[in-house]
>>> print(open('entry_11.pdb').read())   # PDB, C-alpha atoms
ATOM      1  CA  MET J   1       0.000   0.000   0.000
ATOM      2  CA  LEU J   2       2.747   2.430   0.921
ATOM      3  CA  ARG J   3       4.600   1.977  -2.364
ATOM      4  CA  GLU J   4       1.472   2.911  -4.319
ATOM      5  CA  GLN J   5       1.268   6.349  -2.728
ATOM      6  CA  SER J   6       2.941   9.568  -3.822
ATOM      7  CA  LEU J   7       6.093  10.879  -2.174
ATOM      8  CA  VAL J   8       4.113  13.670  -0.500
ATOM      9  CA  THR J   9       1.733  11.191   1.112
ATOM     10  CA  ARG J  10       4.546   9.014   2.401
ATOM     11  CA  ILE J  11       6.398  12.000   3.853
ATOM     12  CA  VAL J  12       3.320  13.264   5.698
ATOM     13  CA  TRP J  13       2.565   9.808   7.084
ATOM     14  CA  GLY J  14       6.177   9.437   8.189
ATOM     15  CA  LEU J  15       6.142  12.800   9.959
ATOM     16  CA  LEU J  16       2.933  11.901  11.779
ATOM     17  CA  VAL J  17       4.433   8.613  12.970
ATOM     18  CA  ILE J  18       7.550  10.436  14.188
ATOM     19  CA  SER J  19       5.413  13.060  15.922
ATOM     20  CA  ALA J  20       3.348  10.392  17.670
ATOM     21  CA  ALA J  21       6.440   8.495  18.809
ATOM     22  CA  ALA J  22       8.210  11.627  20.067
ATOM     23  CA  ALA J  23       5.113  12.824  21.905
ATOM     24  CA  LEU J  24       4.674   9.402  23.525
ATOM     25  CA  ILE J  25       8.278   9.416  24.755
ATOM     26  CA  GLU J  26       7.834  12.929  26.167
ATOM     27  CA  GLY J  27       4.587  11.970  27.864
ATOM     28  CA  ARG J  28       2.479  14.321  25.739
ATOM     29  CA  PHE J  29      -0.375  11.883  25.299
ATOM     30  CA  SER J  30      -2.839  14.368  23.820
ATOM     31  CA  LEU J  31      -0.415  15.118  20.989
ATOM     32  CA  THR J  32       0.166  11.393  20.537
ATOM     33  CA  PHE J  33      -3.564  10.853  20.174
ATOM     34  CA  VAL J  34      -4.002  13.718  17.704
ATOM     35  CA  SER J  35      -1.044  12.532  15.615
ATOM     36  CA  LEU J  36      -2.372   8.988  15.425
ATOM     37  CA  ALA J  37      -5.926  10.206  14.808
ATOM     38  CA  THR J  38      -4.723  12.396  11.940
ATOM     39  CA  LEU J  39      -2.762   9.476  10.521
ATOM     40  CA  GLY J  40      -5.791   7.204  10.758
ATOM     41  CA  LEU J  41      -8.172   9.720   9.175
ATOM     42  CA  SER J  42      -5.771  10.387   6.307
ATOM     43  CA  MET J  43      -5.600   6.638   5.612
ATOM     44  CA  VAL J  44      -9.369   6.164   5.495
ATOM     45  CA  PRO J  45      -9.719   7.098   1.779
ATOM     46  CA  VAL J  46      -7.011   4.583   0.873
ATOM     47  CA  TYR J  47      -8.787   1.699   2.614
ATOM     48  CA  VAL J  48     -12.207   2.782   1.323
ATOM     49  CA  ALA J  49     -10.838   2.824  -2.230
ATOM     50  CA  ARG J  50      -9.360  -0.657  -1.737
ATOM     51  CA  TRP J  51     -12.613  -1.961  -0.274
ATOM     52  CA  ALA J  52     -14.647  -0.519  -3.155
ATOM     53  CA  GLU J  53     -12.032  -1.659  -5.679
ATOM     54  CA  ILE J  54     -11.638   1.872  -6.996
ATOM     55  CA  VAL J  55      -8.412   3.320  -8.345
ATOM     56  CA  VAL J  56      -7.973   6.860  -7.018
ATOM     57  CA  PRO J  57      -5.346   9.230  -8.465
ATOM     58  CA  PRO J  58      -2.313   9.381  -6.124
ATOM     59  CA  SER J  59      -2.305  13.175  -6.462
ATOM     60  CA  PHE J  60      -5.883  13.339  -5.171
ATOM     61  CA  LEU J  61      -5.042  11.103  -2.210
ATOM     62  CA  ALA J  62      -2.030  13.293  -1.470
ATOM     63  CA  ALA J  63      -4.312  16.335  -1.447
ATOM     64  CA  VAL J  64      -6.643  14.565   1.000
ATOM     65  CA  VAL J  65      -3.727  13.697   3.287
ATOM     66  CA  LEU J  66      -2.483  17.292   3.208
ATOM     67  CA  PHE J  67      -5.979  18.580   3.931
ATOM     68  CA  VAL J  68      -6.512  16.277   6.922
ATOM     69  CA  GLY J  69      -3.070  17.108   8.269
ATOM     70  CA  GLY J  70      -3.613  20.820   7.742
ATOM     71  CA  THR J  71      -7.048  20.827   9.342
ATOM     72  CA  VAL J  72      -6.626  18.512  12.330
ATOM     73  CA  PHE J  73      -2.902  18.546  13.089
ATOM     74  CA  LEU J  74      -1.627  21.975  12.057
ATOM     75  CA  GLY J  75      -4.933  23.768  12.454
ATOM     76  CA  GLU J  76      -5.862  22.558  15.907
ATOM     77  CA  VAL J  77      -2.594  21.426  17.541
ATOM     78  CA  PHE J  78      -0.390  24.251  16.301
ATOM     79  CA  ASP J  79      -3.224  26.791  16.151
ATOM     80  CA  PHE J  80      -2.676  27.673  12.495
ATOM     81  CA  TYR J  81      -6.251  28.969  12.234
ATOM     82  CA  ASN J  82      -5.404  31.823  14.601
ATOM     83  CA  ARG J  83      -1.758  32.262  13.608
ATOM     84  CA  PHE J  84      -2.477  32.623   9.886
ATOM     85  CA  TRP J  85      -5.602  34.461   8.785
ATOM     86  CA  TRP J  86      -5.627  32.710   5.426
ATOM     87  CA  TRP J  87      -5.399  29.143   6.775
ATOM     88  CA  ASP J  88      -9.152  28.651   7.105
ATOM     89  CA  ILE J  89      -9.635  30.017   3.587
ATOM     90  CA  ALA J  90      -7.066  27.614   2.168
ATOM     91  CA  MET J  91      -8.606  24.607   3.921
ATOM     92  CA  HIS J  92     -12.175  25.413   2.916
ATOM     93  CA  GLY J  93     -11.221  26.357  -0.624
ATOM     94  CA  GLY J  94      -9.149  23.217  -1.140
ATOM     95  CA  SER J  95     -11.816  20.902   0.231
ATOM     96  CA  ALA J  96     -14.507  22.564  -1.900
ATOM     97  CA  VAL J  97     -12.451  21.982  -5.059
ATOM     98  CA  GLY J  98     -12.077  18.329  -4.078
ATOM     99  CA  PHE J  99     -15.795  17.895  -3.418
ATOM    100  CA  GLY J 100     -16.538  19.613  -6.722
ATOM    101  CA  LEU J 101     -14.440  16.967  -8.472
ATOM    102  CA  ILE J 102     -16.074  14.176  -6.467
ATOM    103  CA  GLY J 103     -19.525  15.550  -7.274
ATOM    104  CA  PHE J 104     -18.738  15.622 -10.975
ATOM    105  CA  VAL J 105     -17.401  12.056 -10.958
ATOM    106  CA  LEU J 106     -20.500  10.795  -9.101
ATOM    107  CA  VAL J 107     -22.878  12.445 -11.561
ATOM    108  CA  PHE J 108     -20.793  11.251 -14.506
ATOM    109  CA  MET J 109     -20.928   7.715 -13.093
ATOM    110  CA  MET J 110     -24.736   7.921 -13.068
ATOM    111  CA  PHE J 111     -24.574   8.405 -16.844
ATOM    112  CA  GLN J 112     -21.961   5.599 -17.070
ATOM    113  CA  GLY J 113     -19.502   7.945 -18.773
ATOM    114  CA  ASP J 114     -21.806   9.036 -21.597
ATOM    115  CA  ARG J 115     -20.663  12.550 -22.459
ATOM    116  CA  PHE J 116     -23.817  13.206 -24.453
ATOM    117  CA  ALA J 117     -26.395  12.057 -21.895
ATOM    118  CA  ALA J 118     -26.736  15.591 -20.534
ATOM    119  CA  PRO J 119     -25.312  19.037 -21.334
ATOM    120  CA  PRO J 120     -21.867  19.608 -19.759
ATOM    121  CA  SER J 121     -23.199  22.706 -18.029
ATOM    122  CA  ALA J 122     -25.945  20.671 -16.326
ATOM    123  CA  ILE J 123     -23.547  18.019 -15.040
ATOM    124  CA  ALA J 124     -21.161  20.725 -13.831
ATOM    125  CA  PHE J 125     -24.039  22.502 -12.087
ATOM    126  CA  PHE J 126     -25.005  19.392 -10.119
ATOM    127  CA  ALA J 127     -21.351  18.870  -9.198
ATOM    128  CA  TYR J 128     -21.242  22.468  -7.945
ATOM    129  CA  CYS J 129     -24.409  21.948  -5.880
ATOM    130  CA  PHE J 130     -22.992  18.743  -4.371
ATOM    131  CA  ALA J 131     -19.807  20.471  -3.216
ATOM    132  CA  LEU J 132     -21.715  23.438  -1.830
ATOM    133  CA  ALA J 133     -24.110  21.133   0.034
ATOM    134  CA  ILE J 134     -21.164  19.417   1.738
ATOM    135  CA  GLY J 135     -19.801  22.819   2.765
ATOM    136  CA  ALA J 136     -23.183  23.842   4.181
ATOM    137  CA  MET J 137     -23.489  20.592   6.154
ATOM    138  CA  TRP J 138     -20.065  21.230   7.663
ATOM    139  CA  GLU J 139     -21.173  24.680   8.836
ATOM    140  CA  VAL J 140     -24.245  23.080  10.442
ATOM    141  CA  PHE J 141     -21.899  20.597  12.143
ATOM    142  CA  GLU J 142     -19.745  23.449  13.494
ATOM    143  CA  PHE J 143     -22.833  25.269  14.799
ATOM    144  CA  THR J 144     -24.119  22.072  16.453
ATOM    145  CA  MET J 145     -20.791  21.373  18.169
ATOM    146  CA  ASP J 146     -20.604  24.941  19.461
ATOM    147  CA  GLN J 147     -24.149  24.836  20.837
ATOM    148  CA  LEU J 148     -23.999  21.376  22.383
ATOM    149  CA  PHE J 149     -20.447  21.291  23.721
ATOM    150  CA  GLY J 150     -19.522  24.958  24.110
ATOM    151  CA  LEU J 151     -16.777  24.815  21.489
ATOM    152  CA  ASN J 152     -15.689  27.698  19.294
ATOM    153  CA  MET J 153     -15.525  26.115  15.867
ATOM    154  CA  GLN J 154     -17.362  29.048  14.280
ATOM    155  CA  LYS J 155     -14.840  31.501  15.674
ATOM    156  CA  SER J 156     -16.576  34.854  14.930
ATOM    157  CA  GLY J 157     -20.014  33.366  14.398
ATOM    158  CA  LEU J 158     -21.989  34.618  11.413
ATOM    159  CA  MET J 159     -19.029  36.302   9.717
ATOM    160  CA  ASP J 160     -16.979  33.113   9.927
ATOM    161  CA  THR J 161     -19.845  30.989   8.584
ATOM    162  CA  MET J 162     -20.622  33.295   5.672
ATOM    163  CA  GLY J 163     -16.937  33.709   4.853
ATOM    164  CA  ASP J 164     -16.514  29.929   4.778
ATOM    165  CA  LEU J 165     -19.558  29.501   2.524
ATOM    166  CA  ILE J 166     -18.304  32.158   0.112
ATOM    167  CA  VAL J 167     -14.931  30.403  -0.096
ATOM    168  CA  ASP J 168     -16.769  27.094  -0.555
ATOM    169  CA  MET J 169     -18.649  28.618  -3.480
ATOM    170  CA  GLY J 170     -15.398  29.608  -5.163
ATOM    171  CA  GLY J 171     -13.760  26.228  -4.611
ATOM    172  CA  ALA J 172     -16.858  24.327  -5.717
ATOM    173  CA  LEU J 173     -16.968  26.421  -8.876
ATOM    174  CA  LEU J 174     -13.381  25.483  -9.734
ATOM    175  CA  GLY J 175     -14.100  21.785  -9.210
ATOM    176  CA  ALA J 176     -17.272  21.956 -11.301
ATOM    177  CA  LEU J 177     -15.519  23.901 -14.054
ATOM    178  CA  ALA J 178     -12.877  21.181 -14.236
ATOM    179  CA  GLY J 179     -15.676  18.701 -14.962
ATOM    180  CA  TYR J 180     -17.205  21.028 -17.526
ATOM    181  CA  PHE J 181     -13.933  21.460 -19.410
ATOM    182  CA  TYR J 182     -13.290  17.728 -19.200
ATOM    183  CA  LEU J 183     -16.573  17.070 -21.000
ATOM    184  CA  ARG J 184     -15.689  19.739 -23.541
ATOM    185  CA  GLU J 185     -12.344  17.972 -24.005
ATOM    186  CA  GLN J 186     -10.420  21.030 -22.906
ATOM    187  CA  ALA J 187      -7.670  21.306 -20.310
ATOM    188  CA  PHE J 188      -8.272  23.094 -17.008
ATOM    189  CA  GLY J 189      -4.992  22.995 -15.191
ATOM    190  CA  GLY J 190      -4.204  19.673 -13.580
ATOM    191  CA  LEU J 191      -7.782  19.128 -12.410
ATOM    192  CA  THR J 192      -9.037  17.687 -15.693
ATOM    193  CA  GLY J 193      -6.079  15.302 -15.580
ATOM    194  CA  VAL J 194      -7.273  14.001 -12.205
ATOM    195  CA  ILE J 195     -10.728  13.307 -13.661
ATOM    196  CA  ASP J 196      -9.310  11.642 -16.763
ATOM    197  CA  TYR J 197      -7.063   9.416 -14.615
ATOM    198  CA  PHE J 198      -9.995   8.272 -12.478
ATOM    199  CA  VAL J 199     -12.269   7.600 -15.450
ATOM    200  CA  SER J 200      -9.622   5.724 -17.427
ATOM    201  CA  ARG J 201      -8.573   3.567 -14.451
ATOM    202  CA  ASN J 202     -12.132   2.659 -13.424
ATOM    203  CA  PRO J 203     -13.764   1.644 -16.713
ATOM    204  CA  ARG J 204     -16.442  -0.554 -15.097
ATOM    205  CA  PHE J 205     -18.212   2.601 -13.868
ATOM    206  CA  PHE J 206     -18.084   4.297 -17.255
ATOM    207  CA  ARG J 207     -19.181   1.629 -19.726
ATOM    208  CA  LYS J 208     -20.768   4.148 -22.115
ATOM    209  CA  ARG J 209     -17.656   6.271 -22.297
ATOM    210  CA  ARG J 210     -16.726   7.332 -25.813
ATOM    211  CA  LYS J 211     -13.411   8.965 -26.594
TER     212      LYS J 211
END
>>> encode(input="entry_11.pdb", output="structure tokens")
Amino acid sequence: MLREQSLVTRIVWGLLVISAAAALIEGRFSLTFVSLATLGLSMVPVYVARWAEIVVPPSFLAAVVLFVGGTVFLGEVFDFYNRFWWWDIAMHGGSAVGFGLIGFVLVFMMFQGDRFAAPPSAIAFFAYCFALAIGAMWEVFEFTMDQLFGLNMQKSGLMDTMGDLIVDMGGALLGALAGYFYLREQAFGGLTGVIDYFVSRNPRFFRKRRK
């Protein structure tokens, strides 16, 4: 499993293992737990993909690992959310792009890879809505945690929530546009390459695909 992953993924996993071991030796058990929890969460997509027999682009998995590490480990343990004003924007924007790509792939799978089953703009729109819905559900989760357990996940309340949703809109748009340009057979940075890799490596989900 390890050899199949990108260099970035392996480095992050290695650093988390080292962090957990060092924290355990120093008696910092909370940091040990967070390090191991981050490691476990970042490995979930790998095992889910294996269980579902799906080939996921290594670059996408690396992005997931970086996101989990940035959100849980750097964001909470090292307080990056307060130390860097742009950290929350980067995390929300990056995750929204990813969910935009996932939304497009899911909708495209429903049509079994038939490019002509629906207009590219319609498929991209549903991908955009999917990513934005995930972002909205996360904001509801933050609000619920704050109300039930007295946490401060929303930071500044309404301004934080609306700022996150606006960033989510931008990230979701990028992910959806990647799907749109893929259907139009046009390049859109490296994002269309991620989609093409997934589609080409998982042909059983896209039986009606025509090149």
>>> atom_distance(input="entry_11.pdb", atom1="CA of Ala52 in chain J", atom2="CA of Phe206 in chain J")
15.3 Å
>>> atom_distance(input="entry_11.pdb", atom1="CA of His92 in chain J", atom2="CA of Gly179 in chain J")
19.4 Å
>>> residues_around(input="entry_11.pdb", residues="Phe73 in chain J", least_positions_apart="3", cutoff="8 Å", atoms="all atoms listed in the file", output="list in words")
Val34, Ser35, Thr38, Val68, Gly69, Gly70, Glu76, Val77 and Phe78 of chain J
>>> closest_atom_pairs(input="entry_11.pdb", of="range 67-154 of chain J", to="range 180-202 of chain J", cutoff="10 Å", atoms="all atoms listed in the file", output="Markdown table")
| residue | atom | partner | partner_atom | distance |
| --- | --- | --- | --- | --- |
| J:Val97 | CA | J:Leu191 | CA | 9.2 |
| J:Gly98 | CA | J:Leu191 | CA | 9.4 |
| J:Leu101 | CA | J:Ile195 | CA | 7.4 |
| J:Ile102 | CA | J:Ile195 | CA | 9.0 |
| J:Phe104 | CA | J:Tyr180 | CA | 8.6 |
| J:Val105 | CA | J:Ile195 | CA | 7.3 |
| J:Phe108 | CA | J:Val199 | CA | 9.3 |
| J:Met109 | CA | J:Val199 | CA | 9.0 |
| J:Gly113 | CA | J:Val199 | CA | 8.0 |
| J:Asp114 | CA | J:Leu183 | CA | 9.6 |
| J:Arg115 | CA | J:Leu183 | CA | 6.3 |
| J:Phe116 | CA | J:Leu183 | CA | 8.9 |
| J:Pro119 | CA | J:Leu183 | CA | 9.0 |
| J:Pro120 | CA | J:Tyr180 | CA | 5.4 |
| J:Ser121 | CA | J:Tyr180 | CA | 6.2 |
| J:Ala122 | CA | J:Tyr180 | CA | 8.8 |
| J:Ile123 | CA | J:Tyr180 | CA | 7.4 |
| J:Ala124 | CA | J:Tyr180 | CA | 5.4 |
| J:Phe125 | CA | J:Tyr180 | CA | 8.9 |
| J:Ala127 | CA | J:Tyr180 | CA | 9.5 |
>>> resolve_selection(input="entry_11.pdb", expression="the PyMOL selection byres ((chain J and resi 36) around 12)", output="ChimeraX atom specification")
/J:13-24,29-35,37-43,68-69,72-73
>>> write_last_selection(input="entry_11.pdb", atoms="C-alpha atoms", output="PDB file, keeping the file's coordinate frame")
ATOM      1  CA  TRP J  13       2.565   9.808   7.084  1.00  0.00           C
ATOM      2  CA  GLY J  14       6.177   9.437   8.189  1.00  0.00           C
ATOM      3  CA  LEU J  15       6.142  12.800   9.959  1.00  0.00           C
ATOM      4  CA  LEU J  16       2.933  11.901  11.779  1.00  0.00           C
ATOM      5  CA  VAL J  17       4.433   8.613  12.970  1.00  0.00           C
ATOM      6  CA  ILE J  18       7.550  10.436  14.188  1.00  0.00           C
ATOM      7  CA  SER J  19       5.413  13.060  15.922  1.00  0.00           C
ATOM      8  CA  ALA J  20       3.348  10.392  17.670  1.00  0.00           C
ATOM      9  CA  ALA J  21       6.440   8.495  18.809  1.00  0.00           C
ATOM     10  CA  ALA J  22       8.210  11.627  20.067  1.00  0.00           C
ATOM     11  CA  ALA J  23       5.113  12.824  21.905  1.00  0.00           C
ATOM     12  CA  LEU J  24       4.674   9.402  23.525  1.00  0.00           C
ATOM     13  CA  PHE J  29      -0.375  11.883  25.299  1.00  0.00           C
ATOM     14  CA  SER J  30      -2.839  14.368  23.820  1.00  0.00           C
ATOM     15  CA  LEU J  31      -0.415  15.118  20.989  1.00  0.00           C
ATOM     16  CA  THR J  32       0.166  11.393  20.537  1.00  0.00           C
ATOM     17  CA  PHE J  33      -3.564  10.853  20.174  1.00  0.00           C
ATOM     18  CA  VAL J  34      -4.002  13.718  17.704  1.00  0.00           C
ATOM     19  CA  SER J  35      -1.044  12.532  15.615  1.00  0.00           C
ATOM     20  CA  ALA J  37      -5.926  10.206  14.808  1.00  0.00           C
ATOM     21  CA  THR J  38      -4.723  12.396  11.940  1.00  0.00           C
ATOM     22  CA  LEU J  39      -2.762   9.476  10.521  1.00  0.00           C
ATOM     23  CA  GLY J  40      -5.791   7.204  10.758  1.00  0.00           C
ATOM     24  CA  LEU J  41      -8.172   9.720   9.175  1.00  0.00           C
ATOM     25  CA  SER J  42      -5.771  10.387   6.307  1.00  0.00           C
ATOM     26  CA  MET J  43      -5.600   6.638   5.612  1.00  0.00           C
ATOM     27  CA  VAL J  68      -6.512  16.277   6.922  1.00  0.00           C
ATOM     28  CA  GLY J  69      -3.070  17.108   8.269  1.00  0.00           C
ATOM     29  CA  VAL J  72      -6.626  18.512  12.330  1.00  0.00           C
ATOM     30  CA  PHE J  73      -2.902  18.546  13.089  1.00  0.00           C
TER      31      PHE J  73
END
>>> residues_around(input="entry_11.pdb", residues="range 5-11 of chain J", least_positions_apart="6", cutoff="10 Å", atoms="all atoms listed in the file", output="ChimeraX atom specification")
/J:17,42-43,46,57-66
>>> atom_distance(input="entry_11.pdb", atom1="CA of Ala176 in chain J", atom2="CA of Arg50 in chain J")
25.8 Å
>>> closest_atom_pairs(input="entry_11.pdb", of="range 46-103 of chain J", to="range 137-157 of chain J", cutoff="12 Å", atoms="all atoms listed in the file", output="JSON lines")
{"residue": "J:Thr71", "atom": "CA", "partner": "J:Met153", "partner_atom": "CA", "distance": 11.9}
{"residue": "J:Gly75", "atom": "CA", "partner": "J:Met153", "partner_atom": "CA", "distance": 11.4}
{"residue": "J:Glu76", "atom": "CA", "partner": "J:Met153", "partner_atom": "CA", "distance": 10.3}
{"residue": "J:Tyr81", "atom": "CA", "partner": "J:Lys155", "partner_atom": "CA", "distance": 9.6}
{"residue": "J:Asn82", "atom": "CA", "partner": "J:Lys155", "partner_atom": "CA", "distance": 9.5}
{"residue": "J:Trp85", "atom": "CA", "partner": "J:Lys155", "partner_atom": "CA", "distance": 11.9}
{"residue": "J:Asp88", "atom": "CA", "partner": "J:Lys155", "partner_atom": "CA", "distance": 10.7}
{"residue": "J:His92", "atom": "CA", "partner": "J:Trp138", "partner_atom": "CA", "distance": 10.1}
{"residue": "J:Ser95", "atom": "CA", "partner": "J:Trp138", "partner_atom": "CA", "distance": 11.1}
{"residue": "J:Ala96", "atom": "CA", "partner": "J:Trp138", "partner_atom": "CA", "distance": 11.1}
>>> decode(input="entry_11.pdb", residues="range 61-81 of chain J", atoms="N, CA, C and O atoms", output="short mmCIF file (atom, residue, chain, number, x, y, z; two decimals), in the first residue's frame")
data_model
loop_
_atom_site.label_atom_id
_atom_site.label_comp_id
_atom_site.auth_asym_id
_atom_site.auth_seq_id
_atom_site.Cartn_x
_atom_site.Cartn_y
_atom_site.Cartn_z
N LEU J 61 -5.25 11.63 -3.56
CA LEU J 61 -5.04 11.10 -2.21
C LEU J 61 -4.04 11.96 -1.43
O LEU J 61 -4.21 12.18 -0.23
N ALA J 62 -3.01 12.42 -2.12
CA ALA J 62 -2.03 13.29 -1.47
C ALA J 62 -2.69 14.58 -1.01
O ALA J 62 -2.39 15.09 0.09
N ALA J 63 -3.59 15.12 -1.83
CA ALA J 63 -4.31 16.33 -1.45
C ALA J 63 -5.18 16.09 -0.22
O ALA J 63 -5.28 16.94 0.67
N VAL J 64 -5.82 14.91 -0.16
CA VAL J 64 -6.64 14.56 1.00
C VAL J 64 -5.79 14.47 2.26
O VAL J 64 -6.16 14.98 3.32
N VAL J 65 -4.63 13.84 2.15
CA VAL J 65 -3.73 13.70 3.29
C VAL J 65 -3.26 15.07 3.77
O VAL J 65 -3.23 15.34 4.99
N LEU J 66 -2.91 15.94 2.84
CA LEU J 66 -2.48 17.29 3.21
C LEU J 66 -3.62 18.06 3.87
O LEU J 66 -3.40 18.81 4.83
N PHE J 67 -4.83 17.88 3.36
CA PHE J 67 -5.98 18.58 3.93
C PHE J 67 -6.25 18.12 5.36
O PHE J 67 -6.45 18.95 6.26
N VAL J 68 -6.26 16.80 5.58
CA VAL J 68 -6.51 16.28 6.92
C VAL J 68 -5.42 16.73 7.88
O VAL J 68 -5.70 17.16 9.01
N GLY J 69 -4.17 16.66 7.42
CA GLY J 69 -3.07 17.11 8.27
C GLY J 69 -3.15 18.59 8.56
O GLY J 69 -2.89 19.03 9.70
N GLY J 70 -3.51 19.37 7.56
CA GLY J 70 -3.61 20.82 7.74
C GLY J 70 -4.76 21.22 8.64
O GLY J 70 -4.65 22.16 9.43
N THR J 71 -5.86 20.49 8.54
CA THR J 71 -7.05 20.83 9.34
C THR J 71 -6.92 20.36 10.79
O THR J 71 -7.10 21.15 11.73
N VAL J 72 -6.64 19.09 10.98
CA VAL J 72 -6.63 18.51 12.33
C VAL J 72 -5.31 18.79 13.06
O VAL J 72 -5.31 19.29 14.19
N PHE J 73 -4.20 18.48 12.41
CA PHE J 73 -2.90 18.55 13.09
C PHE J 73 -2.38 19.98 13.18
O PHE J 73 -2.21 20.53 14.27
N LEU J 74 -2.16 20.61 12.04
CA LEU J 74 -1.63 21.98 12.06
C LEU J 74 -2.66 22.99 12.54
O LEU J 74 -2.34 23.90 13.30
N GLY J 75 -3.90 22.80 12.10
CA GLY J 75 -4.93 23.77 12.45
C GLY J 75 -5.26 23.79 13.92
O GLY J 75 -5.37 24.86 14.53
N GLU J 76 -5.44 22.63 14.51
CA GLU J 76 -5.86 22.56 15.91
C GLU J 76 -4.69 22.47 16.89
O GLU J 76 -4.66 23.18 17.89
N VAL J 77 -3.71 21.61 16.61
CA VAL J 77 -2.59 21.43 17.54
C VAL J 77 -1.68 22.64 17.56
O VAL J 77 -1.28 23.14 18.62
N PHE J 78 -1.32 23.12 16.39
CA PHE J 78 -0.39 24.25 16.30
C PHE J 78 -1.10 25.58 16.06
O PHE J 78 -0.46 26.59 15.75
N ASP J 79 -2.42 25.57 16.17
CA ASP J 79 -3.22 26.79 16.15
C ASP J 79 -3.01 27.62 14.88
O ASP J 79 -2.99 28.85 14.92
N PHE J 80 -2.89 26.95 13.74
CA PHE J 80 -2.68 27.67 12.49
C PHE J 80 -3.87 28.54 12.11
O PHE J 80 -3.71 29.54 11.41
N TYR J 81 -5.07 28.17 12.57
CA TYR J 81 -6.25 28.97 12.23
C TYR J 81 -6.17 30.38 12.82
O TYR J 81 -6.66 31.34 12.22
#
